[in-house]
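S.K.: Compact mmCIF, C-alpha atoms, saved as run_33.txt, coming up:
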# COMPACT_ATOMS: atom_id res chain seq x y z
CA MET T 1 0.00 0.00 0.00
CA LYS T 2 2.78 2.43 0.94
CA ARG T 3 4.63 1.55 -2.25
CA ALA T 4 1.49 2.26 -4.33
CA LEU T 5 0.93 5.59 -2.59
CA ALA T 6 4.55 6.55 -3.13
CA ALA T 7 4.31 5.68 -6.83
CA ALA T 8 1.10 7.70 -7.19
CA GLY T 9 2.74 10.61 -5.40
CA GLY T 10 5.68 10.44 -7.78
CA VAL T 11 3.39 10.51 -10.79
CA LEU T 12 1.49 13.50 -9.42
CA ALA T 13 4.75 15.33 -8.64
CA ALA T 14 6.03 14.71 -12.16
CA ALA T 15 2.76 15.89 -13.68
CA LEU T 16 2.79 19.02 -11.53
CA GLY T 17 6.40 19.70 -12.51
CA ALA T 18 5.61 19.34 -16.21
CA TRP T 19 2.55 21.59 -15.84
CA SER T 20 4.59 24.23 -14.03
CA ALA T 21 7.35 24.04 -16.66
CA TRP T 22 4.78 24.61 -19.40
CA GLY T 23 3.40 27.62 -17.56
CA LEU T 24 6.85 29.15 -17.12
CA TYR T 25 7.70 28.52 -20.78
CA THR T 26 4.59 30.23 -22.12
CA THR T 27 4.95 33.13 -19.68
CA ARG T 28 8.52 33.84 -20.78
CA THR T 29 8.05 33.37 -24.54
CA VAL T 30 4.90 35.44 -25.20
CA GLU T 31 5.64 39.03 -26.20
CA ARG T 32 4.17 41.62 -23.85
CA VAL T 33 3.03 45.15 -24.48
CA PRO T 34 5.97 47.41 -23.51
CA TYR T 35 5.62 50.12 -20.87
CA GLU T 36 7.58 52.29 -18.45
CA THR T 37 6.82 52.25 -14.73
CA GLU T 38 6.32 55.77 -13.38
CA ARG T 39 5.73 54.88 -9.72
CA ARG T 40 4.36 52.29 -7.32
CA VAL T 41 2.17 52.92 -4.30
CA ASP T 42 0.45 50.42 -1.97
CA GLY T 43 0.53 47.59 -4.52
CA VAL T 44 -0.64 49.76 -7.42
CA GLU T 45 1.69 50.43 -10.34
CA VAL T 46 1.34 53.50 -12.54
CA ARG T 47 2.64 52.86 -16.07
CA ARG T 48 3.13 54.80 -19.28
CA TYR T 49 2.24 52.88 -22.43
CA PRO T 50 3.15 53.82 -26.01
CA ARG T 51 0.68 53.92 -28.86
CA THR T 52 -0.71 50.43 -29.41
CA VAL T 53 -2.83 48.64 -32.01
CA LEU T 54 -5.54 46.23 -30.90
CA VAL T 55 -8.08 43.96 -32.52
CA GLU T 56 -11.37 44.15 -30.64
CA THR T 57 -14.88 42.74 -30.62
CA THR T 58 -18.03 42.95 -28.49
CA ALA T 59 -20.00 39.74 -28.00
CA PRO T 60 -22.70 38.32 -25.72
CA ASP T 61 -20.08 36.37 -23.71
CA GLU T 62 -16.33 35.90 -23.29
CA ARG T 63 -16.16 32.61 -25.20
CA THR T 64 -17.75 34.08 -28.32
CA ALA T 65 -15.51 37.15 -28.14
CA PHE T 66 -12.36 35.06 -27.70
CA ARG T 67 -13.23 32.80 -30.63
CA ARG T 68 -13.77 35.76 -32.95
CA LEU T 69 -10.42 37.27 -32.05
CA PHE T 70 -8.62 33.93 -32.22
CA ARG T 71 -9.98 33.37 -35.74
CA TYR T 72 -8.56 36.76 -36.72
CA ILE T 73 -5.01 35.97 -35.52
CA ASP T 74 -5.34 32.44 -36.93
CA GLY T 75 -5.84 33.77 -40.45
CA GLU T 76 -9.28 35.36 -40.78
CA ASN T 77 -7.82 38.63 -42.15
CA ASP T 78 -7.25 40.00 -45.63
CA GLY T 79 -3.42 40.46 -45.42
CA GLY T 80 -1.65 40.70 -48.75
CA GLU T 81 0.53 43.67 -47.66
CA SER T 82 4.25 44.40 -47.66
CA ILE T 83 5.31 44.99 -44.06
CA ALA T 84 8.46 46.90 -43.04
CA MET T 85 9.85 46.33 -39.56
CA THR T 86 12.53 48.23 -37.66
CA ALA T 87 15.61 47.06 -35.73
CA PRO T 88 16.45 45.48 -38.14
CA VAL T 89 14.51 46.53 -41.25
CA GLU T 90 13.04 43.59 -43.10
CA SER T 91 10.68 43.54 -46.07
CA GLY T 92 8.31 40.79 -47.12
CA ASP T 93 4.88 40.02 -48.43
CA ARG T 94 2.16 38.89 -46.02
CA ARG T 95 -0.01 36.34 -47.76
CA PRO T 96 -3.83 36.58 -47.47
CA GLY T 97 -4.99 34.53 -44.50
CA GLU T 98 -1.51 34.19 -42.97
CA SER T 99 -1.51 33.64 -39.21
CA ILE T 100 -0.08 36.44 -37.06
CA GLU T 101 1.02 36.47 -33.44
CA THR T 102 -0.73 38.28 -30.65
CA THR T 103 0.75 40.00 -27.61
CA ALA T 104 -0.13 39.61 -23.94
CA PRO T 105 -2.31 40.64 -22.22
CA VAL T 106 -5.88 39.92 -23.33
CA ARG T 107 -8.13 42.77 -22.22
CA THR T 108 -11.73 42.24 -21.16
CA ASP T 109 -14.39 44.58 -19.84
CA GLU T 110 -18.15 44.74 -19.70
CA SER T 111 -20.15 47.20 -21.77
CA ALA T 112 -23.85 47.87 -22.22
CA ASP T 113 -23.77 45.63 -25.30
CA GLY T 114 -22.02 42.65 -23.66
CA THR T 115 -18.42 41.58 -23.21
CA ARG T 116 -15.78 43.64 -24.97
CA MET T 117 -12.48 41.86 -25.53
CA ALA T 118 -9.27 42.95 -27.24
CA PHE T 119 -5.96 41.38 -28.27
CA TYR T 120 -2.89 43.62 -28.43
CA LEU T 121 -0.93 43.23 -31.65
CA PRO T 122 2.89 43.15 -31.70
CA ALA T 123 4.74 46.47 -31.75
CA GLU T 124 5.68 45.95 -35.42
CA TYR T 125 2.11 46.76 -36.43
CA GLY T 126 1.31 50.45 -36.86
CA PRO T 127 -2.16 51.90 -37.49
CA GLY T 128 -2.01 51.20 -41.23
CA ASP T 129 -0.05 47.94 -41.14
CA ALA T 130 -2.25 45.37 -39.42
CA PRO T 131 -4.26 42.99 -41.62
CA VAL T 132 -7.91 44.02 -41.81
CA PRO T 133 -10.41 41.60 -40.22
CA THR T 134 -12.79 39.87 -42.61
CA ASP T 135 -15.40 39.43 -39.85
CA PRO T 136 -17.40 42.69 -39.64
CA SER T 137 -17.89 42.20 -35.90
CA VAL T 138 -14.10 42.42 -35.37
CA ARG T 139 -12.36 45.78 -35.65
CA LEU T 140 -8.90 47.28 -35.42
CA ILE T 141 -8.42 50.18 -33.01
CA VAL T 142 -5.47 52.41 -32.19
CA GLU T 143 -4.84 53.64 -28.65
CA PRO T 144 -2.67 56.74 -28.23
CA PRO T 145 0.06 56.89 -25.57
CA ARG T 146 -1.59 56.73 -22.16
CA THR T 147 -0.99 56.45 -18.43
CA VAL T 148 -2.53 53.41 -16.74
CA ALA T 149 -2.77 52.32 -13.10
CA VAL T 150 -2.84 48.56 -12.46
CA TYR T 151 -3.28 46.22 -9.51
CA GLY T 152 -2.14 42.64 -10.05
CA PHE T 153 -3.25 39.32 -8.61
CA SER T 154 -2.69 35.63 -9.29
CA TRP T 155 -4.81 32.46 -9.51
CA PHE T 156 -8.03 32.29 -11.54
CA ALA T 157 -9.71 35.60 -12.38
CA THR T 158 -13.02 34.84 -10.70
CA ASP T 159 -15.68 37.50 -10.30
CA GLY T 160 -14.86 37.82 -6.62
CA ARG T 161 -11.12 38.25 -7.12
CA VAL T 162 -11.68 40.75 -9.91
CA ARG T 163 -14.12 42.74 -7.77
CA ARG T 164 -11.72 42.86 -4.82
CA ALA T 165 -8.81 43.88 -7.07
CA ARG T 166 -10.93 46.62 -8.62
CA GLU T 167 -11.93 47.93 -5.19
CA ARG T 168 -8.30 47.92 -4.04
CA LEU T 169 -7.17 49.73 -7.18
CA LEU T 170 -9.82 52.44 -7.01
CA SER T 171 -9.50 53.01 -3.25
CA THR T 172 -5.72 53.42 -3.59
CA LEU T 173 -6.14 55.90 -6.42
CA THR T 174 -8.65 57.87 -4.35
CA ALA T 175 -6.27 57.95 -1.39
CA GLU T 176 -3.48 59.23 -3.66
CA GLY T 177 -5.68 61.86 -5.30
CA ILE T 178 -5.43 60.21 -8.73
CA ASP T 179 -8.54 60.43 -10.90
CA PRO T 180 -9.48 57.47 -13.12
CA ALA T 181 -10.25 58.39 -16.73
CA GLY T 182 -12.67 55.55 -17.37
CA SER T 183 -13.77 52.18 -16.03
CA PRO T 184 -11.34 49.40 -15.01
CA SER T 185 -10.61 46.52 -17.39
CA LEU T 186 -9.34 43.01 -16.70
CA LEU T 187 -5.95 42.06 -18.20
CA ARG T 188 -5.00 38.38 -18.47
CA TYR T 189 -1.51 37.34 -19.53
CA ASP T 190 -1.44 33.57 -19.62
CA ASP T 191 -2.22 30.59 -21.80
CA PRO T 192 -5.43 28.93 -20.52
CA ARG T 193 -3.38 25.83 -19.62
CA THR T 194 -1.11 27.77 -17.25
CA PRO T 195 -1.31 26.54 -13.62
CA PRO T 196 -3.36 28.95 -11.48
CA PHE T 197 -0.47 29.67 -9.10
CA LEU T 198 1.63 30.92 -12.04
CA ARG T 199 -1.03 33.13 -13.59
CA THR T 200 -0.78 36.90 -13.85
CA ASN T 201 -3.93 39.00 -13.90
CA GLU T 202 -4.34 42.74 -13.53
CA VAL T 203 -7.16 45.20 -13.11
CA ALA T 204 -6.24 48.36 -15.00
CA VAL T 205 -7.71 51.81 -15.50
CA GLU T 206 -6.47 54.79 -17.48
CA VAL T 207 -5.61 57.82 -15.34
CA GLU T 208 -4.74 61.43 -16.01
CA ALA T 209 -1.12 61.81 -17.11
Could you render the structure as structure tokens?
M.R.:
Amino acid sequence: MKRALAAAGGVLAAALGAWSAWGLYTTRTVERVPYETERRVDGVEVRRYPRTVLVETTAPDERTAFRRLFRYIDGENDGGESIAMTAPVESGDRRPGESIETTAPVRTDESADGTRMAFYLPAEYGPGDAPVPTDPSVRLIVEPPRTVAVYGFSWFATDGRVRRARERLLSTLTAEGIDPAGSPSLLRYDDPRTPPFLRTNEVAVEVEA
């Protein structure tokens, strides 16, 4: 009996190790939106983001929104453009329907029309460079440089955890005399298969520069 329990424990430990290794790999290899940290106060970080390009949709629920955006990055775009990149400069033709990468995090917030979700595109894509979605419910948007306050937390982004993080973020901003310039959004950085203890989530809101 002890030998069987020890063997089962070894299998579970190996599985947990492999799961953790996968989570660390995906966390370190996915490109993230760049930013500069301006200051930190009571667990809240104030960041300055550059201009970014996003692909966005509004759907009745998160699953539908995610599927629409995933289809876009998986090839549901018109493409067919010559794209120039910097550092170094490289030229090439993007074939129609070619898959493109996305950048962490995935942004989600609730609107009057349902769930609004957005994927950030890599920095190489400017306002006129990103392939145009072929699904009319998916759109490209450009965000100008902005200052954002974030409060991070781990594990699964349940409604309760998100609510508590939002309350902590907004109460800290109030105490510091910082005015939000909108409603908070949820940012999720990880592959869905990432172990919960390795996940990074943030509640973020734009603030006055």
S.K.: If you measure from atom CA of Val203 of chain T to atom CA of Val46 of chain T, what distance in Å do you get, rounded to one decimal?
M.R.: 11.9 Å
S.K.: Point out the residue among T:Glu167, T:Glu143, T:Asp113, T:Asp135 with the least atom-to-atom distance to Ala204 of chain T, counting all atoms listed in the file.
M.R.: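 Ranking T:Glu167, T:Glu143, T:Asp113, T:Asp135 by distance to Ala204 of chain T, first place goes to T:Glu167.
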S.K.: Name the closest residue to Gly177 of chain T among the candidates T:Val142, T:Val148, T:Val207, T:Val53; distances are taken between atoms, counting all atoms listed in the file.
M.R.: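 Of all the options, T:Val207 lies closest to Gly177 of chain T.
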S.K.: Ranking T:Arg116, T:Arg164, T:Arg107, T:Arg32 by minimum distance to Thr58 of chain T and counting only C-alpha atoms, which one comes first?
M.R.: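 Using only C-alpha atoms, Thr58 of chain T sits closest to T:Arg116.
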S.K.: Looking at T:Met117, T:Ala157, T:Ala149, T:Val132, which one is nearest to Phe66 of chain T, with distances taken over only C-alpha atoms?
M.R.: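 Answer, going by the shortest atom-to-atom distance: T:Met117.
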S.K.: With a distance cut-off of 10 Å and all atoms listed in the file, select the neighbouring residues of Leu140 of chain T, excluding the residue or stretch itself and same-chain residues fewer than 4 positions from it, and output the selection as a PyMOL selection string.
M.R.: chain T and resi 53-57+118-121+127-128+130-133
S.K.: So what do you get for atom CA of Thr108 of chain T versus atom CA of Asp78 of chain T, distance-wise?
M.R.: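 A separation of 25.0 Å between them.
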S.K.: Using all atoms listed in the file, which of the listed residues (T:Ile73, T:Val150, T:Ala59, T:Val138) sits closest to Pro122 of chain T?
M.R.: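 For Pro122 of chain T, the nearest of the given residues is T:Ile73.
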S.K.: Between atom CA of Tyr125 of chain T and atom CA of Arg48 of chain T, what is the spacing in Å?
M.R.: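 Those two atoms sit 19.0 Å apart.
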